[in-house]
$ cat target-v2.tsv   # TSV, N, CA and C atoms
chain	number	residue	atom	x	y	z
A	1	GLN	N	161.88	97.49	95.38
A	1	GLN	CA	162.81	97.21	94.31
A	1	GLN	C	162.50	98.12	93.12
A	2	VAL	N	163.54	98.80	92.63
A	2	VAL	CA	163.36	99.71	91.51
A	2	VAL	C	163.20	98.89	90.23
A	3	GLN	N	162.24	99.29	89.42
A	3	GLN	CA	161.98	98.60	88.17
A	3	GLN	C	161.60	99.60	87.10
A	4	PHE	N	162.16	99.38	85.91
A	4	PHE	CA	161.80	100.16	84.72
A	4	PHE	C	161.30	99.20	83.66
A	5	VAL	N	160.14	99.50	83.08
A	5	VAL	CA	159.58	98.65	82.04
A	5	VAL	C	159.32	99.50	80.80
A	6	GLU	N	160.15	99.28	79.79
A	6	GLU	CA	160.05	100.03	78.54
A	6	GLU	C	159.13	99.30	77.55
A	7	SER	N	158.45	100.08	76.73
A	7	SER	CA	157.55	99.49	75.74
A	7	SER	C	157.36	100.44	74.58
A	8	GLY	N	156.78	99.93	73.50
A	8	GLY	CA	156.41	100.79	72.38
A	8	GLY	C	157.34	100.75	71.19
A	9	GLY	N	158.43	100.00	71.28
A	9	GLY	CA	159.34	99.93	70.15
A	9	GLY	C	158.75	99.14	68.99
A	10	GLY	N	159.49	99.14	67.89
A	10	GLY	CA	159.03	98.39	66.73
A	10	GLY	C	159.82	98.75	65.51
A	11	LEU	N	159.31	98.31	64.36
A	11	LEU	CA	159.92	98.59	63.07
A	11	LEU	C	159.20	99.77	62.43
A	12	VAL	N	159.96	100.73	61.99
A	12	VAL	CA	159.38	101.91	61.36
A	12	VAL	C	160.25	102.31	60.18
A	13	GLN	N	159.63	102.87	59.16
A	13	GLN	CA	160.38	103.31	57.99
A	13	GLN	C	161.08	104.63	58.26
A	14	PRO	N	162.15	104.89	57.56
A	14	PRO	CA	162.81	106.19	57.70
A	14	PRO	C	161.82	107.33	57.47
A	15	GLY	N	161.90	108.35	58.31
A	15	GLY	CA	160.97	109.47	58.24
A	15	GLY	C	159.72	109.27	59.08
A	16	GLY	N	159.55	108.09	59.62
A	16	GLY	CA	158.37	107.79	60.42
A	16	GLY	C	158.49	108.24	61.86
A	17	SER	N	157.44	107.93	62.62
A	17	SER	CA	157.39	108.34	64.03
A	17	SER	C	157.05	107.15	64.91
A	18	LEU	N	157.44	107.28	66.16
A	18	LEU	CA	157.18	106.23	67.16
A	18	LEU	C	157.24	106.87	68.53
A	19	ARG	N	156.41	106.38	69.46
A	19	ARG	CA	156.50	106.83	70.84
A	19	ARG	C	156.79	105.63	71.72
A	20	VAL	N	157.84	105.75	72.52
A	20	VAL	CA	158.17	104.72	73.49
A	20	VAL	C	157.86	105.22	74.90
A	21	SER	N	157.53	104.28	75.77
A	21	SER	CA	157.14	104.60	77.14
A	21	SER	C	157.99	103.81	78.12
A	22	CYS	N	158.10	104.35	79.32
A	22	CYS	CA	158.82	103.65	80.37
A	22	CYS	C	158.09	103.87	81.68
A	23	ALA	N	157.60	102.78	82.26
A	23	ALA	CA	156.92	102.83	83.55
A	23	ALA	C	157.91	102.51	84.64
A	24	ALA	N	158.00	103.39	85.61
A	24	ALA	CA	158.94	103.21	86.72
A	24	ALA	C	158.20	102.85	87.99
A	25	SER	N	158.84	102.05	88.82
A	25	SER	CA	158.28	101.73	90.13
A	25	SER	C	159.41	101.55	91.12
A	26	GLY	N	159.08	101.72	92.40
A	26	GLY	CA	160.07	101.51	93.44
A	26	GLY	C	160.95	102.71	93.73
A	27	ILE	N	160.68	103.85	93.09
A	27	ILE	CA	161.43	105.07	93.37
A	27	ILE	C	160.44	106.22	93.54
A	28	MET	N	160.92	107.30	94.21
A	28	MET	CA	160.10	108.49	94.35
A	28	MET	C	160.22	109.25	93.04
A	29	PHE	N	159.51	108.78	92.05
A	29	PHE	CA	159.67	109.18	90.66
A	29	PHE	C	159.71	110.69	90.49
A	30	ARG	N	158.84	111.40	91.14
A	30	ARG	CA	158.67	112.82	90.83
A	30	ARG	C	159.88	113.66	91.18
A	31	ILE	N	160.78	113.18	92.01
A	31	ILE	CA	161.91	114.01	92.42
A	31	ILE	C	163.14	113.81	91.53
A	32	TYR	N	163.09	112.79	90.67
A	32	TYR	CA	164.25	112.45	89.87
A	32	TYR	C	164.21	113.07	88.47
A	33	THR	N	165.40	113.48	87.99
A	33	THR	CA	165.57	113.70	86.57
A	33	THR	C	165.58	112.33	85.90
A	34	MET	N	164.81	112.20	84.82
A	34	MET	CA	164.72	110.93	84.11
A	34	MET	C	165.33	111.08	82.73
A	35	GLY	N	165.96	110.02	82.28
A	35	GLY	CA	166.60	110.06	80.97
A	35	GLY	C	166.20	108.89	80.10
A	36	TRP	N	166.25	109.13	78.81
A	36	TRP	CA	166.15	108.05	77.82
A	36	TRP	C	167.55	107.81	77.27
A	37	PHE	N	167.94	106.57	77.26
A	37	PHE	CA	169.23	106.15	76.78
A	37	PHE	C	169.00	105.19	75.61
A	38	ARG	N	170.03	105.03	74.78
A	38	ARG	CA	169.92	104.03	73.71
A	38	ARG	C	171.28	103.37	73.50
A	39	GLN	N	171.22	102.14	73.03
A	39	GLN	CA	172.43	101.39	72.72
A	39	GLN	C	172.26	100.74	71.36
A	40	ALA	N	173.05	101.21	70.43
A	40	ALA	CA	173.04	100.64	69.09
A	40	ALA	C	173.99	99.44	69.03
A	41	PRO	N	173.78	98.54	68.10
A	41	PRO	CA	174.66	97.37	67.99
A	41	PRO	C	176.13	97.76	67.91
A	42	GLY	N	176.95	97.19	68.77
A	42	GLY	CA	178.37	97.45	68.75
A	42	GLY	C	178.80	98.78	69.32
A	43	LYS	N	177.85	99.51	69.92
A	43	LYS	CA	178.19	100.82	70.47
A	43	LYS	C	177.85	100.89	71.96
A	44	GLN	N	178.40	101.89	72.61
A	44	GLN	CA	178.10	102.09	74.02
A	44	GLN	C	176.73	102.75	74.20
A	45	ARG	N	176.15	102.52	75.35
A	45	ARG	CA	174.88	103.15	75.66
A	45	ARG	C	175.11	104.65	75.83
A	46	GLU	N	174.19	105.45	75.28
A	46	GLU	CA	174.31	106.89	75.36
A	46	GLU	C	172.99	107.51	75.82
A	47	LEU	N	173.12	108.63	76.53
A	47	LEU	CA	171.96	109.40	76.94
A	47	LEU	C	171.51	110.25	75.76
A	48	VAL	N	170.22	110.18	75.39
A	48	VAL	CA	169.75	110.98	74.26
A	48	VAL	C	168.81	112.10	74.69
A	49	ALA	N	168.14	111.96	75.83
A	49	ALA	CA	167.22	112.99	76.27
A	49	ALA	C	167.01	112.88	77.77
A	50	ARG	N	166.75	114.02	78.39
A	50	ARG	CA	166.51	114.02	79.83
A	50	ARG	C	165.44	115.04	80.15
A	51	VAL	N	164.71	114.78	81.24
A	51	VAL	CA	163.69	115.72	81.71
A	51	VAL	C	163.81	115.81	83.22
A	52	THR	N	163.91	117.04	83.71
A	52	THR	CA	164.08	117.24	85.14
A	52	THR	C	162.74	117.10	85.86
A	53	SER	N	162.81	117.11	87.18
A	53	SER	CA	161.58	117.04	87.96
A	53	SER	C	160.67	118.22	87.68
A	54	GLY	N	161.27	119.32	87.28
A	54	GLY	CA	160.50	120.52	86.96
A	54	GLY	C	160.05	120.60	85.51
A	55	GLY	N	160.42	119.60	84.72
A	55	GLY	CA	159.98	119.56	83.33
A	55	GLY	C	160.94	120.15	82.32
A	56	GLU	N	162.11	120.58	82.76
A	56	GLU	CA	163.09	121.09	81.80
A	56	GLU	C	163.69	119.93	81.02
A	57	THR	N	163.90	120.14	79.73
A	57	THR	CA	164.37	119.06	78.87
A	57	THR	C	165.71	119.41	78.21
A	58	ALA	N	166.43	118.38	77.84
A	58	ALA	CA	167.68	118.55	77.11
A	58	ALA	C	167.88	117.34	76.22
A	59	TYR	N	168.59	117.55	75.10
A	59	TYR	CA	168.74	116.50	74.10
A	59	TYR	C	170.17	116.48	73.56
A	60	VAL	N	170.58	115.29	73.16
A	60	VAL	CA	171.84	115.20	72.45
A	60	VAL	C	171.63	115.80	71.06
A	61	ASP	N	172.68	116.37	70.48
A	61	ASP	CA	172.53	117.10	69.22
A	61	ASP	C	171.89	116.26	68.12
A	62	SER	N	172.20	114.98	68.08
A	62	SER	CA	171.73	114.14	66.97
A	62	SER	C	170.22	113.95	66.94
A	63	VAL	N	169.52	114.26	68.05
A	63	VAL	CA	168.07	114.08	68.07
A	63	VAL	C	167.31	115.38	68.29
A	64	LYS	N	168.03	116.48	68.48
A	64	LYS	CA	167.36	117.77	68.71
A	64	LYS	C	166.43	118.11	67.56
A	65	GLY	N	165.25	118.56	67.90
A	65	GLY	CA	164.28	118.93	66.88
A	65	GLY	C	163.48	117.76	66.36
A	66	ARG	N	163.86	116.54	66.70
A	66	ARG	CA	163.15	115.35	66.22
A	66	ARG	C	162.51	114.56	67.36
A	67	PHE	N	163.14	114.54	68.51
A	67	PHE	CA	162.65	113.78	69.66
A	67	PHE	C	162.12	114.72	70.73
A	68	THR	N	161.10	114.28	71.44
A	68	THR	CA	160.54	115.03	72.55
A	68	THR	C	160.35	114.11	73.74
A	69	ILE	N	160.97	114.47	74.85
A	69	ILE	CA	160.81	113.70	76.09
A	69	ILE	C	159.76	114.37	76.96
A	70	SER	N	158.97	113.56	77.65
A	70	SER	CA	157.97	114.11	78.57
A	70	SER	C	157.76	113.11	79.69
A	71	ARG	N	157.09	113.57	80.73
A	71	ARG	CA	156.87	112.71	81.88
A	71	ARG	C	155.47	112.94	82.44
A	72	ASP	N	154.93	111.90	83.07
A	72	ASP	CA	153.67	111.99	83.79
A	72	ASP	C	153.95	111.47	85.19
A	73	ASN	N	154.06	112.38	86.14
A	73	ASN	CA	154.43	111.98	87.50
A	73	ASN	C	153.34	111.14	88.16
A	74	ASP	N	152.08	111.40	87.82
A	74	ASP	CA	150.99	110.62	88.42
A	74	ASP	C	151.06	109.16	87.97
A	75	LYS	N	151.48	108.95	86.73
A	75	LYS	CA	151.59	107.59	86.20
A	75	LYS	C	153.00	107.03	86.34
A	76	THR	N	153.90	107.80	86.93
A	76	THR	CA	155.32	107.43	87.07
A	76	THR	C	155.86	106.87	85.75
A	77	THR	N	155.59	107.59	84.68
A	77	THR	CA	155.96	107.15	83.34
A	77	THR	C	156.66	108.28	82.60
A	78	VAL	N	157.69	107.91	81.84
A	78	VAL	CA	158.39	108.86	80.99
A	78	VAL	C	158.24	108.39	79.55
A	79	TYR	N	158.08	109.35	78.64
A	79	TYR	CA	157.83	109.06	77.24
A	79	TYR	C	158.92	109.66	76.36
A	80	LEU	N	159.08	109.08	75.20
A	80	LEU	CA	159.96	109.66	74.19
A	80	LEU	C	159.22	109.58	72.86
A	81	GLN	N	158.82	110.75	72.37
A	81	GLN	CA	158.19	110.84	71.06
A	81	GLN	C	159.28	111.06	70.04
A	82	MET	N	159.37	110.16	69.07
A	82	MET	CA	160.43	110.23	68.07
A	82	MET	C	159.81	110.47	66.71
A	83	THR	N	160.26	111.50	66.02
A	83	THR	CA	159.77	111.81	64.68
A	83	THR	C	160.95	111.88	63.72
A	84	ARG	N	160.63	111.90	62.45
A	84	ARG	CA	161.66	111.95	61.38
A	84	ARG	C	162.79	110.98	61.68
A	85	LEU	N	162.42	109.77	61.98
A	85	LEU	CA	163.40	108.76	62.36
A	85	LEU	C	164.35	108.43	61.22
A	86	LYS	N	165.58	108.13	61.61
A	86	LYS	CA	166.65	107.80	60.67
A	86	LYS	C	167.17	106.40	60.97
A	87	PRO	N	167.78	105.75	60.01
A	87	PRO	CA	168.35	104.42	60.28
A	87	PRO	C	169.34	104.44	61.44
A	88	GLU	N	170.05	105.52	61.62
A	88	GLU	CA	171.02	105.60	62.73
A	88	GLU	C	170.36	105.72	64.10
A	89	ASP	N	169.04	105.88	64.14
A	89	ASP	CA	168.33	105.85	65.42
A	89	ASP	C	168.03	104.42	65.87
A	90	THR	N	168.33	103.45	65.02
A	90	THR	CA	168.11	102.05	65.38
A	90	THR	C	168.93	101.69	66.61
A	91	ALA	N	168.26	101.20	67.65
A	91	ALA	CA	168.92	100.89	68.91
A	91	ALA	C	167.90	100.28	69.87
A	92	VAL	N	168.41	99.77	70.97
A	92	VAL	CA	167.54	99.42	72.10
A	92	VAL	C	167.46	100.65	72.99
A	93	TYR	N	166.25	101.05	73.32
A	93	TYR	CA	166.02	102.25	74.11
A	93	TYR	C	165.65	101.87	75.54
A	94	TYR	N	166.30	102.55	76.49
A	94	TYR	CA	166.12	102.31	77.92
A	94	TYR	C	165.83	103.63	78.63
A	95	CYS	N	165.17	103.55	79.76
A	95	CYS	CA	165.08	104.73	80.62
A	95	CYS	C	165.76	104.42	81.96
A	96	ASN	N	166.12	105.46	82.62
A	96	ASN	CA	166.70	105.36	83.96
A	96	ASN	C	166.77	106.76	84.53
A	97	THR	N	167.16	106.86	85.77
A	97	THR	CA	167.39	108.18	86.33
A	97	THR	C	168.64	108.77	85.69
A	98	ASP	N	168.76	110.07	85.70
A	98	ASP	CA	169.95	110.74	85.20
A	98	ASP	C	170.44	111.72	86.26
A	99	PRO	N	171.63	111.46	86.83
A	99	PRO	CA	172.52	110.36	86.49
A	99	PRO	C	172.00	109.03	87.02
A	100	VAL	N	172.52	107.96	86.45
A	100	VAL	CA	172.13	106.62	86.88
A	100	VAL	C	172.73	106.37	88.26
A	101	ARG	N	171.90	105.97	89.19
A	101	ARG	CA	172.37	105.76	90.56
A	101	ARG	C	173.31	104.56	90.62
A	102	SER	N	174.27	104.65	91.52
A	102	SER	CA	175.24	103.57	91.68
A	102	SER	C	174.53	102.25	91.98
A	103	GLY	N	174.85	101.23	91.22
A	103	GLY	CA	174.24	99.92	91.44
A	103	GLY	C	172.85	99.77	90.89
A	104	ALA	N	172.37	100.78	90.18
A	104	ALA	CA	171.00	100.72	89.66
A	104	ALA	C	170.87	99.67	88.57
A	105	SER	N	169.71	99.08	88.50
A	105	SER	CA	169.45	98.08	87.47
A	105	SER	C	168.81	98.76	86.26
A	106	TRP	N	168.83	98.05	85.14
A	106	TRP	CA	168.22	98.51	83.91
A	106	TRP	C	167.05	97.60	83.54
A	107	GLY	N	166.11	98.15	82.83
A	107	GLY	CA	165.02	97.34	82.30
A	107	GLY	C	165.49	96.54	81.09
A	108	GLN	N	164.55	95.89	80.45
A	108	GLN	CA	164.91	95.06	79.30
A	108	GLN	C	165.07	95.89	78.03
A	109	GLY	N	164.60	97.13	78.09
A	109	GLY	CA	164.67	98.00	76.93
A	109	GLY	C	163.59	97.68	75.91
A	110	THR	N	163.49	98.56	74.92
A	110	THR	CA	162.55	98.34	73.81
A	110	THR	C	163.29	98.62	72.51
A	111	MET	N	163.18	97.70	71.58
A	111	MET	CA	163.96	97.79	70.35
A	111	MET	C	163.26	98.67	69.34
A	112	VAL	N	164.00	99.62	68.80
A	112	VAL	CA	163.50	100.47	67.72
A	112	VAL	C	164.37	100.21	66.49
A	113	THR	N	163.72	99.80	65.42
A	113	THR	CA	164.43	99.53	64.18
A	113	THR	C	163.87	100.45	63.10
A	114	VAL	N	164.77	101.23	62.50
A	114	VAL	CA	164.38	102.15	61.44
A	114	VAL	C	164.96	101.61	60.14
A	115	SER	N	164.08	101.12	59.29
A	115	SER	CA	164.54	100.48	58.06
A	115	SER	C	163.40	100.45	57.05
A	116	SER	N	163.78	100.53	55.78
A	116	SER	CA	162.79	100.41	54.72
A	116	SER	C	162.71	98.97	54.23

$ encode --input "target-v2.tsv" --output "structure tokens"
Amino acid sequence: QVQFVESGGGLVQPGGSLRVSCAASGIMFRIYTMGWFRQAPGKQRELVARVTSGGETAYVDSVKGRFTISRDNDKTTVYLQMTRLKPEDTAVYYCNTDPVRSGASWGQGTMVTVSS
């Protein structure tokens, strides 16, 4: 059974930093492109960063230069280092494969709140 467990969220002031993690199990992790997604209140879930099996990364424009995605295949874990956080980064953050496989489940996510 595929499972994603996100952790590391919290409350941070604008301009601060936070690293969130996602431990995956039940999939051949190393062959998949992995993505970090987020869903802000009242908005649709969006992909913000992705990392291929070969380590190539891509970001949505709103987080370029501020967020860094990375992966550890031995630990089957994907990370998102977030710096210079803004209030508009407030959301629940999830990981999953990219693209998300048909019928795939989501983890519980980790809440990131950027507020003074």

$ closest_residue --input "target-v2.tsv" --among "A:Arg45, A:Val92, A:Arg38, A:Gln1" --to "Gln108 in chain A" --atoms "all atoms listed in the file"
A:Val92

$ residues_around --input "target-v2.tsv" --residues "Thr110 in chain A" --least-positions-apart "2" --cutoff "8 Å" --atoms "all atoms listed in the file" --output "PyMOL selection string"
chain A and resi 5-10+20+91-95+107-108+112-113

$ atom_distance --input "target-v2.tsv" --atom1 "atom C of Phe37 in chain A" --atom2 "CA of Val12 in chain A"
17.5 Å

$ closest_residue --input "target-v2.tsv" --among "A:Gly55, A:Gly65, A:Pro41, A:Gly15" --to "Met111 in chain A" --atoms "only C-alpha atoms"
A:Pro41

$ atom_distance --input "target-v2.tsv" --atom1 "CA of Trp36 in chain A" --atom2 "CA of Leu80 in chain A"
7.4 Å

$ residues_around --input "target-v2.tsv" --residues "Ser62 in chain A" --least-positions-apart "5" --cutoff "10 Å" --atoms "only C-alpha atoms" --output "VMD selection string"
chain A and resid 48 67 88 to 89

$ residues_around --input "target-v2.tsv" --residues "Asn96 in chain A" --least-positions-apart "4" --cutoff "8 Å" --atoms "only N, CA and C atoms" --output "list of chain:residue names"
A:Phe4, A:Cys22, A:Tyr32, A:Thr33, A:Met34, A:Gly35, A:Trp36, A:Phe37, A:Val100, A:Arg101, A:Ser105, A:Trp106, A:Gly107

$ closest_residue --input "target-v2.tsv" --among "A:Leu11, A:Ile27, A:Arg66, A:Thr76" --to "Ala104 in chain A" --atoms "only C-alpha atoms"
A:Ile27

$ residues_near_point --input "target-v2.tsv" --point "(160.8, 110.1, 63.5)" --cutoff "8 Å" --atoms "only N, CA and C atoms" --output "ChimeraX atom specification"
/A:13-18,66-67,81-86

$ residues_around --input "target-v2.tsv" --residues "Thr57 in chain A" --least-positions-apart "6" --cutoff "9 Å" --atoms "only C-alpha atoms" --output "list in words"
Ala49, Arg50, Val51, Thr68, Ile69 and Ser70 of chain A

$ select_by_dssp --input "target-v2.tsv" --residues "chain A" --states "strand (DSSP E)" --output "number ranges by chain"
A: 3-7, 10-12, 18-25, 34-39, 46-51, 57-59, 67-72, 77-82, 91-97, 110-114

$ atom_distance --input "target-v2.tsv" --atom1 "CA of Ala40 in chain A" --atom2 "CA of Ser25 in chain A"
25.7 Å
